[in-house]
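Peer 1: Quick one: the structure is below, questions incoming.
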Amino acid sequence: MRTTLLAVPLGLGLVACGGGGDSLSGGDNFTGMYQVTLHQRNTSAGPDPIPCTDFGADVTGEEQYFQIVVDDFLEDPNILEMHPCMTDPGQCDDFGFVHFNAHGDYLQEDGWSVQTDSGCAASAIRHYGVFVDATTLRIEEKDWYQTFDDPDCPLDLAEGLLDTPDCDRNEAWEGTRL
């Protein structure tokens, strides 16, 4: 089995260089606590993907707050994580399940990988965040997965999934800054 992974393209360079890239800025505009006002999720049921614009039904009974914080491993103010907080904004999970790079007025991180244990399987993920008004932050997570008939299974097959119109899973949150 061969697995090729490029989960944090910019983050790998940051570890090697010891600092943030010139293109990253504005992380402090996003850090803070948010109360969830919208949470939607849509997952493909079976082999057919769903439109990447269809975020599905409202999700209830999950996090009521989320916090955007600086990644504590890289300690770069422009590399951020989203931490869920179930019912108390003072009791957030330590683990960030959505990661971002700050690009001025938006957040984004793309990751992609291929696996060859039983054919060629490619996957990609995009995390994106932007303010929809002065206090409401919208976070989107989109996942793609596809198998290919390519014995070489190059990494660019997975990267090429980004921005295709159909996804395997979409999730969105909107939160008002507290």
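Naming works like this for the structure tokens: A, B, ... for the chains as they're shown, residue 1 at the start of each chain, ligands 1 onward in shown order.
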Would you list, as a VMD selection string, the residues of chain A that end up in alpha helix (DSSP H) under DSSP run on this structure's backbone?
Peer 2: chain A and resid 9 to 17 155 to 159
Peer 1: Residues as selected, N, CA, C and O atoms, written as an mmCIF file, in the first residue's frame, can you do that?
Peer 2:
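Result saved to selection-v3.cif:
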data_model
loop_
_atom_site.group_PDB
_atom_site.id
_atom_site.type_symbol
_atom_site.label_atom_id
_atom_site.label_comp_id
_atom_site.auth_asym_id
_atom_site.auth_seq_id
_atom_site.Cartn_x
_atom_site.Cartn_y
_atom_site.Cartn_z
ATOM 1 N N PRO A 9 -0.573 21.885 2.801
ATOM 2 C CA PRO A 9 0.488 22.302 1.900
ATOM 3 C C PRO A 9 1.326 23.445 2.440
ATOM 4 O O PRO A 9 2.536 23.387 2.416
ATOM 5 N N LEU A 10 0.712 24.477 2.965
ATOM 6 C CA LEU A 10 1.458 25.614 3.462
ATOM 7 C C LEU A 10 2.093 25.300 4.813
ATOM 8 O O LEU A 10 3.208 25.686 5.082
ATOM 9 N N GLY A 11 1.382 24.558 5.645
ATOM 10 C CA GLY A 11 1.880 24.248 6.976
ATOM 11 C C GLY A 11 3.200 23.501 6.954
ATOM 12 O O GLY A 11 4.053 23.707 7.800
ATOM 13 N N LEU A 12 3.402 22.620 5.981
ATOM 14 C CA LEU A 12 4.663 21.899 5.896
ATOM 15 C C LEU A 12 5.814 22.856 5.667
ATOM 16 O O LEU A 12 6.869 22.723 6.252
ATOM 17 N N GLY A 13 5.593 23.837 4.815
ATOM 18 C CA GLY A 13 6.623 24.837 4.568
ATOM 19 C C GLY A 13 6.888 25.687 5.791
ATOM 20 O O GLY A 13 8.018 26.098 6.031
ATOM 21 N N LEU A 14 5.885 25.918 6.585
ATOM 22 C CA LEU A 14 6.061 26.738 7.779
ATOM 23 C C LEU A 14 6.942 26.046 8.798
ATOM 24 O O LEU A 14 7.758 26.678 9.445
ATOM 25 N N VAL A 15 6.789 24.753 8.939
ATOM 26 C CA VAL A 15 7.622 24.030 9.886
ATOM 27 C C VAL A 15 9.072 24.105 9.433
ATOM 28 O O VAL A 15 9.971 24.341 10.218
ATOM 29 N N ALA A 16 9.294 23.938 8.136
ATOM 30 C CA ALA A 16 10.661 23.963 7.617
ATOM 31 C C ALA A 16 11.260 25.365 7.702
ATOM 32 O O ALA A 16 12.441 25.533 7.951
ATOM 33 N N CYS A 17 10.455 26.384 7.484
ATOM 34 C CA CYS A 17 10.959 27.754 7.445
ATOM 35 C C CYS A 17 10.961 28.409 8.818
ATOM 36 O O CYS A 17 11.668 29.374 9.041
ATOM 37 N N LEU A 155 -0.671 12.205 -7.252
ATOM 38 C CA LEU A 155 -1.312 13.106 -6.305
ATOM 39 C C LEU A 155 -2.162 14.172 -6.997
ATOM 40 O O LEU A 155 -3.162 14.625 -6.444
ATOM 41 N N ASP A 156 -1.814 14.556 -8.216
ATOM 42 C CA ASP A 156 -2.591 15.595 -8.892
ATOM 43 C C ASP A 156 -4.019 15.151 -9.202
ATOM 44 O O ASP A 156 -4.895 15.983 -9.412
ATOM 45 N N LEU A 157 -4.304 13.830 -9.208
ATOM 46 C CA LEU A 157 -5.687 13.376 -9.362
ATOM 47 C C LEU A 157 -6.532 13.870 -8.187
ATOM 48 O O LEU A 157 -7.669 14.306 -8.365
ATOM 49 N N ALA A 158 -5.982 13.779 -6.979
ATOM 50 C CA ALA A 158 -6.716 14.223 -5.789
ATOM 51 C C ALA A 158 -6.848 15.736 -5.762
ATOM 52 O O ALA A 158 -7.925 16.271 -5.492
ATOM 53 N N GLU A 159 -5.765 16.437 -6.057
ATOM 54 C CA GLU A 159 -5.830 17.900 -6.064
ATOM 55 C C GLU A 159 -6.849 18.394 -7.091
ATOM 56 O O GLU A 159 -7.541 19.381 -6.878
#
Peer 1: Can you list, as a ChimeraX atom specification, all residues belonging to segment 28-62 of chain A that DSSP tags as strand (DSSP E or B)?
Peer 2: /A:32-43,50-51,57-58
Peer 1: Restricting it to all heavy atoms, dump the selection as a compact mmCIF listing (two decimals), in the first residue's frame.
Peer 2:
# COMPACT_ATOMS: atom_id res chain seq x y z
N GLY A 32 -11.86 34.36 17.89
CA GLY A 32 -12.90 34.74 18.83
C GLY A 32 -13.93 33.64 18.99
O GLY A 32 -13.83 32.56 18.40
N MET A 33 -14.94 33.92 19.80
CA MET A 33 -16.02 32.99 20.10
C MET A 33 -17.25 33.38 19.29
O MET A 33 -17.57 34.56 19.15
CB MET A 33 -16.35 33.05 21.60
CG MET A 33 -17.41 32.08 22.04
SD MET A 33 -16.91 30.37 21.91
CE MET A 33 -15.60 30.32 23.12
N TYR A 34 -17.96 32.36 18.78
CA TYR A 34 -19.15 32.57 17.96
C TYR A 34 -20.28 31.68 18.46
O TYR A 34 -20.05 30.52 18.83
CB TYR A 34 -18.85 32.21 16.49
CG TYR A 34 -17.79 33.07 15.87
CD1 TYR A 34 -16.44 32.79 16.06
CD2 TYR A 34 -18.13 34.18 15.11
CE1 TYR A 34 -15.45 33.59 15.49
CE2 TYR A 34 -17.16 34.98 14.54
CZ TYR A 34 -15.82 34.67 14.73
OH TYR A 34 -14.85 35.47 14.17
N GLN A 35 -21.50 32.22 18.45
CA GLN A 35 -22.68 31.42 18.76
C GLN A 35 -23.26 30.92 17.44
O GLN A 35 -23.50 31.70 16.52
CB GLN A 35 -23.72 32.23 19.51
CG GLN A 35 -24.92 31.39 19.92
CD GLN A 35 -25.82 32.12 20.90
OE1 GLN A 35 -25.69 33.31 21.13
NE2 GLN A 35 -26.75 31.38 21.48
N VAL A 36 -23.48 29.60 17.37
CA VAL A 36 -23.97 28.98 16.14
C VAL A 36 -25.40 29.45 15.87
O VAL A 36 -26.28 29.32 16.72
CB VAL A 36 -23.91 27.44 16.23
CG1 VAL A 36 -24.57 26.79 15.01
CG2 VAL A 36 -22.47 26.98 16.37
N THR A 37 -25.63 29.98 14.69
CA THR A 37 -26.97 30.39 14.25
C THR A 37 -27.48 29.51 13.12
O THR A 37 -28.66 29.52 12.82
CB THR A 37 -26.97 31.86 13.80
OG1 THR A 37 -26.01 32.04 12.76
CG2 THR A 37 -26.64 32.78 14.97
N LEU A 38 -26.56 28.76 12.49
CA LEU A 38 -26.93 27.84 11.41
C LEU A 38 -25.90 26.72 11.37
O LEU A 38 -24.70 26.98 11.48
CB LEU A 38 -26.92 28.57 10.05
CG LEU A 38 -27.11 27.68 8.83
CD1 LEU A 38 -28.59 27.37 8.64
CD2 LEU A 38 -26.55 28.33 7.59
N HIS A 39 -26.38 25.49 11.25
CA HIS A 39 -25.49 24.35 11.07
C HIS A 39 -26.22 23.39 10.14
O HIS A 39 -27.32 22.94 10.45
CB HIS A 39 -25.18 23.69 12.42
CG HIS A 39 -24.20 22.57 12.31
ND1 HIS A 39 -23.90 21.74 13.37
CD2 HIS A 39 -23.43 22.12 11.28
CE1 HIS A 39 -23.00 20.85 13.00
NE2 HIS A 39 -22.71 21.05 11.72
N GLN A 40 -25.60 23.09 9.00
CA GLN A 40 -26.19 22.19 8.02
C GLN A 40 -25.16 21.15 7.61
O GLN A 40 -23.96 21.43 7.59
CB GLN A 40 -26.64 22.96 6.77
CG GLN A 40 -27.73 23.96 7.06
CD GLN A 40 -28.04 24.82 5.86
OE1 GLN A 40 -27.15 25.31 5.18
NE2 GLN A 40 -29.32 25.02 5.59
N ARG A 41 -25.66 19.96 7.23
CA ARG A 41 -24.77 18.89 6.78
C ARG A 41 -25.48 18.07 5.72
O ARG A 41 -26.67 17.80 5.84
CB ARG A 41 -24.39 17.99 7.95
CG ARG A 41 -23.42 16.90 7.59
CD ARG A 41 -23.08 15.98 8.77
NE ARG A 41 -22.61 16.72 9.92
CZ ARG A 41 -23.11 16.60 11.15
NH1 ARG A 41 -24.12 15.80 11.41
NH2 ARG A 41 -22.62 17.31 12.15
N ASN A 42 -24.73 17.67 4.71
CA ASN A 42 -25.26 16.81 3.65
C ASN A 42 -24.18 15.81 3.28
O ASN A 42 -23.04 16.19 3.04
CB ASN A 42 -25.66 17.65 2.43
CG ASN A 42 -26.55 16.89 1.48
OD1 ASN A 42 -26.95 15.77 1.74
ND2 ASN A 42 -26.87 17.52 0.37
N THR A 43 -24.56 14.55 3.25
CA THR A 43 -23.63 13.48 2.91
C THR A 43 -24.23 12.64 1.80
O THR A 43 -25.41 12.29 1.85
CB THR A 43 -23.34 12.60 4.14
OG1 THR A 43 -22.83 13.44 5.19
CG2 THR A 43 -22.33 11.52 3.83
N ILE A 50 -23.14 14.58 -4.37
CA ILE A 50 -24.16 15.62 -4.24
C ILE A 50 -23.58 16.95 -4.73
O ILE A 50 -22.36 17.13 -4.75
CB ILE A 50 -24.61 15.75 -2.77
CG1 ILE A 50 -23.40 15.95 -1.85
CG2 ILE A 50 -25.42 14.53 -2.34
CD1 ILE A 50 -23.71 16.15 -0.40
N PRO A 51 -24.42 17.88 -5.12
CA PRO A 51 -23.89 19.19 -5.53
C PRO A 51 -23.16 19.86 -4.36
O PRO A 51 -23.64 19.84 -3.23
CB PRO A 51 -25.13 19.99 -5.91
CG PRO A 51 -26.18 18.97 -6.20
CD PRO A 51 -25.87 17.80 -5.30
N ALA A 57 -29.84 19.47 5.27
CA ALA A 57 -30.77 19.85 6.33
C ALA A 57 -30.05 20.46 7.53
O ALA A 57 -28.85 20.26 7.73
CB ALA A 57 -31.55 18.60 6.78
N ASP A 58 -30.83 21.17 8.33
CA ASP A 58 -30.30 21.73 9.57
C ASP A 58 -29.91 20.60 10.53
O ASP A 58 -30.59 19.58 10.61
CB ASP A 58 -31.33 22.63 10.24
CG ASP A 58 -31.56 23.93 9.50
OD1 ASP A 58 -30.73 24.28 8.63
OD2 ASP A 58 -32.57 24.60 9.77
Peer 1: Pick the closest to Glu141 of chain A from A:Asn29, A:Ser113, A:Gln64, A:Thr53: which is it, counting only C-alpha atoms?
Peer 2: A:Thr53
Peer 1: Select, from A:Asn101, A:Ser123, A:Thr116, A:Thr176, the residue with the minimum atom-to-atom distance to Val70 of chain A, counting only C-alpha atoms.
Peer 2: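 For Val70 of chain A, the nearest of the given residues is A:Asn101.
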Peer 1: Tell me which of A:Asp28, A:Gly56, A:Arg138, A:Ala124 sits closest to Ser44 of chain A, counting only C-alpha atoms.
Peer 2: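 Of A:Asp28, A:Gly56, A:Arg138, A:Ala124, the one nearest Ser44 of chain A is A:Gly56, counting only C-alpha atoms.
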Peer 1: With distances taken over only C-alpha atoms, which residue among A:Asp149, A:Glu174, A:Asp168, A:Glu81 lies nearest Val132 of chain A?
Peer 2: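 Residue with the minimum atom-to-atom distance to Val132 of chain A: A:Glu174.
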Peer 1: So which one's closest to Ile125 of chain A, A:Phe30, A:Phe73, A:Phe100, A:Tyr106? Using only C-alpha atoms, please.
Peer 2: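 Result for the nearest residue to Ile125 of chain A: A:Phe100.
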Peer 1: Between atom CA of Cys52 of chain A and atom CA of Ser118 of chain A, what is the spacing in Å?
Peer 2: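 Atom-to-atom, atom CA of Ser118 of chain A to atom CA of Cys52 of chain A, that is 26.8 Å.
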